[in-house]
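What follows is the content of my_file13.cif, which has mmCIF, C-alpha atoms and all ligand atoms:
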data_data
loop_
_atom_site.label_atom_id
_atom_site.label_comp_id
_atom_site.auth_asym_id
_atom_site.auth_seq_id
_atom_site.Cartn_x
_atom_site.Cartn_y
_atom_site.Cartn_z
CA MET C 1 -52.99 -34.62 18.19
CA ARG C 2 -53.73 -32.52 21.25
CA ILE C 3 -52.04 -29.08 21.16
CA THR C 4 -53.62 -27.51 24.25
CA ASN C 5 -56.51 -28.41 26.52
CA GLU C 6 -58.96 -27.02 23.95
CA VAL C 7 -57.34 -27.24 20.51
CA TYR C 8 -56.35 -30.33 18.53
CA LEU C 9 -54.85 -31.08 15.12
CA ILE C 10 -56.97 -33.70 13.40
CA GLY C 11 -55.60 -33.53 9.86
CA GLY C 12 -52.90 -32.22 7.53
CA GLY C 13 -50.80 -33.80 4.77
CA ALA C 14 -47.15 -34.74 5.01
CA ASN C 15 -45.73 -31.96 2.81
CA VAL C 16 -45.63 -28.95 5.14
CA CYS C 17 -47.99 -30.35 7.78
CA PHE C 18 -47.79 -33.31 10.21
CA GLY C 19 -48.96 -36.21 8.04
CA LEU C 20 -52.20 -36.74 9.97
CA SER C 21 -54.26 -37.08 6.79
CA ASP C 22 -53.63 -37.31 3.04
CA ASP C 23 -51.66 -34.81 0.94
CA PRO C 24 -52.16 -31.96 0.24
CA ASP C 25 -54.47 -31.19 3.18
CA CYS C 26 -53.77 -28.05 5.19
CA HIS C 27 -53.71 -28.22 8.98
CA ILE C 28 -57.20 -29.19 10.10
CA TYR C 29 -57.84 -27.99 13.63
CA LEU C 30 -60.51 -28.96 16.12
CA ILE C 31 -61.67 -26.60 18.89
CA ASP C 32 -63.40 -28.01 21.96
CA THR C 33 -65.60 -25.05 22.88
CA GLY C 34 -67.06 -26.74 25.96
CA ALA C 35 -70.44 -26.78 24.20
CA GLY C 36 -69.70 -28.48 20.90
CA LEU C 37 -66.72 -29.08 18.63
CA ALA C 38 -65.64 -26.82 15.77
CA ILE C 39 -63.38 -27.78 12.86
CA VAL C 40 -61.19 -25.09 11.29
CA ASP C 41 -60.55 -25.72 7.57
CA ALA C 42 -61.38 -28.93 5.76
CA GLY C 43 -58.37 -30.05 3.72
CA LEU C 44 -58.69 -31.28 0.13
CA GLY C 45 -60.84 -34.23 1.21
CA GLU C 46 -59.39 -36.70 -1.32
CA GLY C 47 -58.19 -40.26 -0.85
CA ASP C 48 -58.68 -41.54 2.67
CA SER C 49 -58.58 -38.12 4.34
CA ILE C 50 -62.11 -37.92 5.70
CA ASN C 51 -61.77 -41.39 7.27
CA ARG C 52 -58.38 -40.50 8.76
CA ILE C 53 -59.75 -37.23 10.19
CA THR C 54 -62.65 -39.16 11.71
CA ALA C 55 -60.27 -41.69 13.24
CA ASN C 56 -58.09 -38.90 14.66
CA ILE C 57 -61.09 -37.32 16.40
CA LEU C 58 -62.13 -40.66 17.90
CA ALA C 59 -58.55 -41.37 19.02
CA GLU C 60 -58.70 -38.24 21.20
CA GLY C 61 -61.73 -39.65 23.02
CA LEU C 62 -64.03 -37.01 21.51
CA ASP C 63 -67.63 -37.71 20.54
CA LEU C 64 -68.49 -37.27 16.85
CA ALA C 65 -72.01 -36.28 17.89
CA ASP C 66 -70.55 -33.09 19.45
CA LEU C 67 -69.25 -31.81 16.07
CA LYS C 68 -71.25 -28.69 15.20
CA TRP C 69 -69.31 -26.19 13.09
CA LEU C 70 -66.91 -25.99 10.16
CA LEU C 71 -65.03 -22.68 9.86
CA LEU C 72 -63.23 -21.88 6.60
CA THR C 73 -60.41 -19.32 6.29
CA HIS C 74 -60.24 -19.05 2.48
CA TYR C 75 -61.25 -20.70 -0.76
CA HIS C 76 -58.06 -22.54 -1.76
CA MET C 77 -58.71 -26.23 -2.35
CA ASP C 78 -56.32 -27.54 0.33
CA HIS C 79 -58.60 -25.70 2.81
CA VAL C 80 -62.12 -26.10 1.35
CA GLY C 81 -61.98 -29.04 -1.07
CA GLY C 82 -63.24 -31.42 1.62
CA ALA C 83 -65.82 -29.04 3.11
CA ALA C 84 -68.89 -30.64 1.49
CA LYS C 85 -67.81 -34.14 2.55
CA LEU C 86 -67.17 -33.09 6.16
CA ARG C 87 -70.45 -31.17 6.29
CA ASP C 88 -72.40 -34.12 4.97
CA ARG C 89 -70.73 -36.67 7.24
CA PHE C 90 -71.14 -34.70 10.47
CA ASN C 91 -74.09 -32.40 9.66
CA LEU C 92 -71.98 -29.29 10.30
CA GLU C 93 -72.95 -25.63 10.17
CA VAL C 94 -70.52 -23.99 7.73
CA TRP C 95 -69.06 -20.53 8.37
CA SER C 96 -67.04 -18.85 5.64
CA PRO C 97 -65.69 -15.42 4.74
CA ALA C 98 -68.52 -13.46 3.12
CA GLU C 99 -66.36 -12.71 0.08
CA ALA C 100 -65.61 -16.41 -0.45
CA ALA C 101 -69.13 -17.69 0.20
CA GLU C 102 -70.41 -17.60 -3.39
CA VAL C 103 -67.37 -19.48 -4.69
CA ILE C 104 -67.80 -22.17 -2.01
CA ARG C 105 -71.58 -22.41 -2.50
CA THR C 106 -71.31 -22.84 -6.26
CA GLY C 107 -68.08 -24.84 -6.47
CA ASP C 108 -66.63 -22.16 -8.77
CA GLU C 109 -63.16 -23.34 -9.74
CA GLY C 110 -62.13 -20.03 -11.36
CA PRO C 111 -61.33 -17.61 -8.50
CA PRO C 112 -59.39 -20.25 -6.50
CA SER C 113 -57.10 -20.76 -9.57
CA LEU C 114 -57.83 -24.49 -9.57
CA THR C 115 -56.89 -25.14 -13.20
CA ILE C 116 -53.37 -23.75 -12.87
CA ALA C 117 -52.99 -25.27 -9.41
CA LYS C 118 -53.73 -28.70 -10.88
CA ALA C 119 -51.36 -28.07 -13.81
CA SER C 120 -48.62 -27.13 -11.32
CA GLY C 121 -48.97 -30.52 -9.64
CA LEU C 122 -50.50 -29.19 -6.40
CA TYR C 123 -53.69 -31.24 -6.81
CA PRO C 124 -54.66 -34.39 -8.76
CA MET C 125 -55.74 -33.62 -12.33
CA ASP C 126 -59.06 -35.43 -11.79
CA PHE C 127 -59.96 -33.41 -8.69
CA SER C 128 -63.12 -31.33 -8.88
CA PHE C 129 -64.47 -28.86 -6.33
CA ASP C 130 -67.65 -30.05 -4.58
CA ALA C 131 -69.97 -27.11 -3.91
CA CYS C 132 -70.70 -26.71 -0.19
CA PRO C 133 -73.61 -24.78 1.35
CA VAL C 134 -72.53 -21.86 3.54
CA ASP C 135 -74.73 -21.18 6.57
CA VAL C 136 -73.01 -18.12 8.06
CA GLU C 137 -71.13 -15.41 6.13
CA LEU C 138 -68.42 -13.78 8.23
CA ARG C 139 -67.36 -10.14 8.06
CA ASP C 140 -64.42 -8.22 9.48
CA GLY C 141 -65.01 -7.34 13.12
CA ASP C 142 -67.75 -9.92 13.72
CA ARG C 143 -67.69 -11.32 17.25
CA LEU C 144 -69.53 -14.62 17.47
CA ARG C 145 -70.27 -17.13 20.19
CA LEU C 146 -68.71 -20.47 19.40
CA GLY C 147 -70.13 -22.73 22.09
CA ASP C 148 -68.76 -21.38 25.37
CA LEU C 149 -66.04 -19.31 23.64
CA GLU C 150 -65.89 -16.09 21.65
CA LEU C 151 -64.47 -15.78 18.15
CA GLU C 152 -63.46 -12.56 16.38
CA VAL C 153 -63.26 -12.36 12.61
CA ILE C 154 -60.35 -10.49 11.00
CA ASP C 155 -60.13 -9.82 7.26
CA THR C 156 -56.59 -10.80 6.22
CA PRO C 157 -56.37 -10.59 2.40
CA GLY C 158 -53.10 -10.74 0.49
CA HIS C 159 -52.61 -14.51 0.30
CA CYS C 160 -55.83 -14.47 -1.73
CA HIS C 161 -59.06 -12.54 -2.12
CA GLY C 162 -61.48 -12.78 0.82
CA HIS C 163 -59.04 -14.45 3.22
CA GLN C 164 -59.94 -14.28 6.93
CA SER C 165 -58.27 -15.19 10.21
CA PHE C 166 -60.05 -16.08 13.43
CA LEU C 167 -59.08 -14.84 16.89
CA LEU C 168 -60.38 -17.33 19.46
CA HIS C 169 -60.64 -16.25 23.09
CA GLY C 170 -59.91 -19.59 24.72
CA ARG C 171 -60.16 -20.49 28.38
CA ASP C 172 -56.45 -19.91 29.09
CA ARG C 173 -55.01 -18.28 25.97
CA ARG C 174 -55.91 -16.52 22.74
CA TYR C 175 -55.41 -18.32 19.44
CA LEU C 176 -54.96 -16.82 16.01
CA PHE C 177 -56.18 -19.27 13.37
CA ALA C 178 -54.35 -17.56 10.54
CA GLY C 179 -55.05 -19.79 7.53
CA ASP C 180 -52.36 -18.93 4.99
CA ALA C 181 -51.97 -15.27 6.06
CA ILE C 182 -48.86 -15.73 8.23
CA PHE C 183 -46.66 -18.65 9.26
CA ALA C 184 -44.03 -19.45 11.86
CA GLY C 185 -40.85 -17.50 11.26
CA GLY C 186 -42.84 -14.58 9.88
CA LYS C 187 -43.22 -16.30 6.51
CA VAL C 188 -46.04 -15.86 4.00
CA VAL C 189 -46.81 -17.62 0.71
CA TRP C 190 -45.96 -15.79 -2.52
CA GLN C 191 -47.73 -17.38 -5.45
CA ASN C 192 -48.15 -16.56 -9.11
CA ILE C 193 -51.94 -16.35 -8.94
CA TRP C 194 -54.25 -13.42 -9.75
CA ASP C 195 -55.24 -12.55 -6.18
CA ASN C 196 -51.91 -12.93 -4.35
CA SER C 197 -51.07 -9.32 -3.51
CA VAL C 198 -47.94 -7.74 -2.04
CA GLN C 199 -49.74 -4.62 -0.87
CA ASP C 200 -52.63 -6.50 0.72
CA THR C 201 -50.16 -8.87 2.41
CA VAL C 202 -48.23 -5.93 3.88
CA ALA C 203 -51.49 -4.35 5.11
CA THR C 204 -52.48 -7.67 6.70
CA ILE C 205 -49.10 -8.00 8.47
CA ASN C 206 -49.48 -4.47 9.84
CA LYS C 207 -53.04 -5.22 10.94
CA LEU C 208 -52.09 -8.49 12.67
CA SER C 209 -49.20 -6.79 14.48
CA SER C 210 -51.75 -4.95 16.63
CA VAL C 211 -53.73 -8.10 17.49
CA GLU C 212 -53.05 -9.59 20.93
CA PHE C 213 -52.79 -13.37 20.87
CA ASP C 214 -50.70 -16.20 22.31
CA ALA C 215 -50.96 -19.24 20.03
CA LEU C 216 -50.35 -18.98 16.29
CA CYS C 217 -52.26 -21.71 14.46
CA PRO C 218 -51.48 -21.32 10.76
CA GLY C 219 -52.61 -23.45 7.83
CA HIS C 220 -49.27 -25.21 7.39
CA ALA C 221 -45.92 -25.91 9.06
CA ALA C 222 -45.11 -25.21 12.73
CA VAL C 223 -47.80 -24.43 15.30
CA ILE C 224 -46.80 -21.97 18.05
CA VAL C 225 -48.45 -22.43 21.45
CA GLU C 226 -47.04 -19.35 23.23
CA GLY C 227 -45.39 -16.20 21.88
CA GLY C 228 -47.13 -16.36 18.51
CA ARG C 229 -47.01 -12.57 18.07
CA ARG C 230 -43.22 -12.71 17.77
CA HIS C 231 -43.68 -14.38 14.40
CA VAL C 232 -45.86 -11.54 13.12
CA GLU C 233 -43.25 -9.08 14.39
CA ILE C 234 -40.55 -10.82 12.30
CA ALA C 235 -42.66 -10.18 9.19
CA GLN C 236 -43.43 -6.63 10.25
CA ARG C 237 -39.75 -5.76 10.73
CA LYS C 238 -39.13 -7.05 7.23
CA VAL C 239 -41.78 -4.85 5.62
CA GLU C 240 -40.77 -1.83 7.72
CA SER C 241 -37.31 -2.12 6.13
CA LEU C 242 -39.03 -2.16 2.71
CA GLY C 243 -38.26 -5.85 2.24
CA LEU C 244 -40.66 -8.75 1.87
CA PRO C 245 -41.17 -11.72 4.17
CA GLN C 246 -39.80 -15.08 3.04
CA SER C 247 -42.14 -17.45 1.27
CA LEU C 248 -43.03 -20.70 3.04
CA VAL C 249 -42.78 -22.62 -0.24
ZN ZN C 301 -54.04 -20.88 0.52
#

Could you take the file, read its structure, and then write that structure out as structure tokens?
Amino acid sequence: MRITNEVYLIGGGANVCFGLSDDPDCHIYLIDTGAGLAIVDAGLGEGDSINRITANILAEGLDLADLKWLLLTHYHMDHVGGAAKLRDRFNLEVWSPAEAAEVIRTGDEGPPSLTIAKASGLYPMDFSFDACPVDVELRDGDRLRLGDLELEVIDTPGHCHGHQSFLLHGRDRRYLFAGDAIFAGGKVVWQNIWDNSVQDTVATINKLSSVEFDALCPGHAAVIVEGGRRHVEIAQRKVESLGLPQSLV
């Protein structure tokens, strides 16, 4: 599904995404950099997801041979569970937050709270996390060339440990790929897991409120093409009044 002339949605389950691939995949974005294609987040990668993602890319008239990168925002399974499969299928270079790299490389199911996430019904009980090599470890403030475009890395913890967002300087607008840091309507995700932090979430909202961008591309729910900053401002007003943003789920 084409969002702009350079960003597409190629996957996402039907729960709080657009039903482009199997549940419980997050939004899986594709960036056409002009010199190669980048995928942002991988989904859970179960069921028929990888085939559906492949079909969605082909349906846009894009060439699978141009796929070069897989960027990961954080280590939750609906974002990284399918990383190894996508990497293997398309021979991708994997970029991940430095603080999440060891978990992703080793398939460590502890820090991402996989056992309790499965018990809660979020993921199938027989799901296991496939370790995925990480080629590039990203740190706050990094500015990297992504084909013909530039990408800035922003640490945005609070949703979980080591979470990052990516500010893409596109040809006609700036995009914030926010993972699960902030959603349309100024919402966040409050979860009963060890690394979900109120104080880190508030610091992230304050940090993002000074970032200039147009499109808000979060990990779930609505995608905002213009005026994305307004949604961060909603959250910021909430925390300024000593309240907390609403939870997406
Ligand atoms: Zn998450």

If we count only C-alpha atoms and set the cut-off at 8 Å, which residues sit around stretch 222-232 of chain C, ignoring sequence neighbours fewer than 3 positions away in its own chain? Please answer as an MDAnalysis selection string. chainID C and resid 3:4 17 182:186 205 208:209 212:218 235:236

Kindly compile the residues surrounding ligand ZN 301 (chain C) within 9 Å, counting only C-alpha atoms and all ligand atoms, and format them as an mmCIF file with C-alpha atoms, in the coordinates of the input.
data_model
loop_
_atom_site.group_PDB
_atom_site.id
_atom_site.type_symbol
_atom_site.label_atom_id
_atom_site.label_comp_id
_atom_site.auth_asym_id
_atom_site.auth_seq_id
_atom_site.Cartn_x
_atom_site.Cartn_y
_atom_site.Cartn_z
ATOM 1 C CA CYS C 26 -53.770 -28.050 5.190
ATOM 2 C CA THR C 73 -60.410 -19.320 6.290
ATOM 3 C CA HIS C 74 -60.240 -19.050 2.480
ATOM 4 C CA TYR C 75 -61.250 -20.700 -0.760
ATOM 5 C CA HIS C 76 -58.060 -22.540 -1.760
ATOM 6 C CA MET C 77 -58.710 -26.230 -2.350
ATOM 7 C CA ASP C 78 -56.320 -27.540 0.330
ATOM 8 C CA HIS C 79 -58.600 -25.700 2.810
ATOM 9 C CA PRO C 112 -59.390 -20.250 -6.500
ATOM 10 C CA HIS C 159 -52.610 -14.510 0.300
ATOM 11 C CA CYS C 160 -55.830 -14.470 -1.730
ATOM 12 C CA HIS C 163 -59.040 -14.450 3.220
ATOM 13 C CA GLY C 179 -55.050 -19.790 7.530
ATOM 14 C CA ASP C 180 -52.360 -18.930 4.990
ATOM 15 C CA ALA C 181 -51.970 -15.270 6.060
ATOM 16 C CA VAL C 189 -46.810 -17.620 0.710
ATOM 17 C CA GLY C 219 -52.610 -23.450 7.830
#

Suppose you want the space between atom CA of C:Thr33 and atom CA of C:Arg2; what is it in Å?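 For atom CA of C:Thr33 relative to atom CA of C:Arg2, the distance reads 14.1 Å.
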
Work out how far apart atom CA of C:Asp66 and atom CA of C:Ala35 are and give it in Å to one decimal. 7.9 Å

When distances are computed from all atoms listed in the file, which of C:Asn15, C:Leu64, C:Ala117, C:Asp48 shows the smallest separation from C:Asp32?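 With all atoms listed in the file as the atom set, the closest residue is C:Leu64.
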
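Each of C:Pro124, C:Gly107, C:Gly162, C:Gly43 was checked against C:Asp140 using all atoms listed in the file; the smallest atom-to-atom distance is that of C:Gly162.
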
Which residues, written as a ChimeraX atom specification, have at least one atom at most 6 Å from C:Trp69, with only C-alpha atoms counted and residues fewer than 5 positions away on the same chain left out? /C:38,92-94

Within 8 Å of C:Thr106, counting all atoms listed in the file, which residues show up once you throw out same-chain ones fewer than 3 positions away? Write them as a list in words, please.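 Residues near the query, excluding close chain neighbours: Glu102, Val103, Ala131 and Cys132 of chain C.
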
Smallest atom-to-atom distance to C:Leu44: which of C:Tyr123, C:Arg87, C:Asn5, C:Leu71, using only C-alpha atoms? C:Tyr123

Place a sphere of radius 8 Å on (-71.8, -23.3, 23.7) in the file coordinates and name every protein, DNA or RNA residue with an atom inside or on its surface, counting all atoms listed in the file; give the answer as JSON, numbers by chain. {"C": [33, 34, 35, 36, 145, 146, 147, 148, 149]}

Could you work out how far atom CA of C:Gly81 lies from atom CA of C:Ser128, giving the answer in Å with one decimal?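 Here the two named atoms are 8.2 Å from each other.
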
Counting only C-alpha atoms, which residues in stretch 34-124 of chain C sit no more than 9 Å from stretch 10-14 of chain C? For each one, give the nearest pair of atoms and the distance in Å, sorted by chain then residue number, as a Markdown table.
| residue | atom | partner | partner_atom | distance |
| --- | --- | --- | --- | --- |
| C:Ile39 | CA | C:Ile10 | CA | 8.7 |
| C:Ala42 | CA | C:Gly11 | CA | 8.4 |
| C:Gly43 | CA | C:Gly12 | CA | 7.0 |
| C:Ser49 | CA | C:Gly11 | CA | 7.8 |
| C:Ile50 | CA | C:Gly11 | CA | 8.9 |
| C:Arg52 | CA | C:Gly11 | CA | 7.6 |
| C:Ile53 | CA | C:Ile10 | CA | 5.5 |
| C:Thr54 | CA | C:Ile10 | CA | 8.1 |
| C:Ala55 | CA | C:Ile10 | CA | 8.6 |
| C:Asn56 | CA | C:Ile10 | CA | 5.5 |
| C:Ile57 | CA | C:Ile10 | CA | 6.3 |

When distances are computed from only C-alpha atoms, which of C:Ala119, C:Leu114, C:Val239, C:Leu72 shows the smallest separation from C:Ala101? C:Leu72

Can you list, as a VMD selection string, every protein, DNA or RNA residue that comes within 10 Å of C:Asp200 when you count all atoms listed in the file, leaving out same-chain residues fewer than 4 positions away? chain C and resid 156 to 161 195 to 196 204 to 206
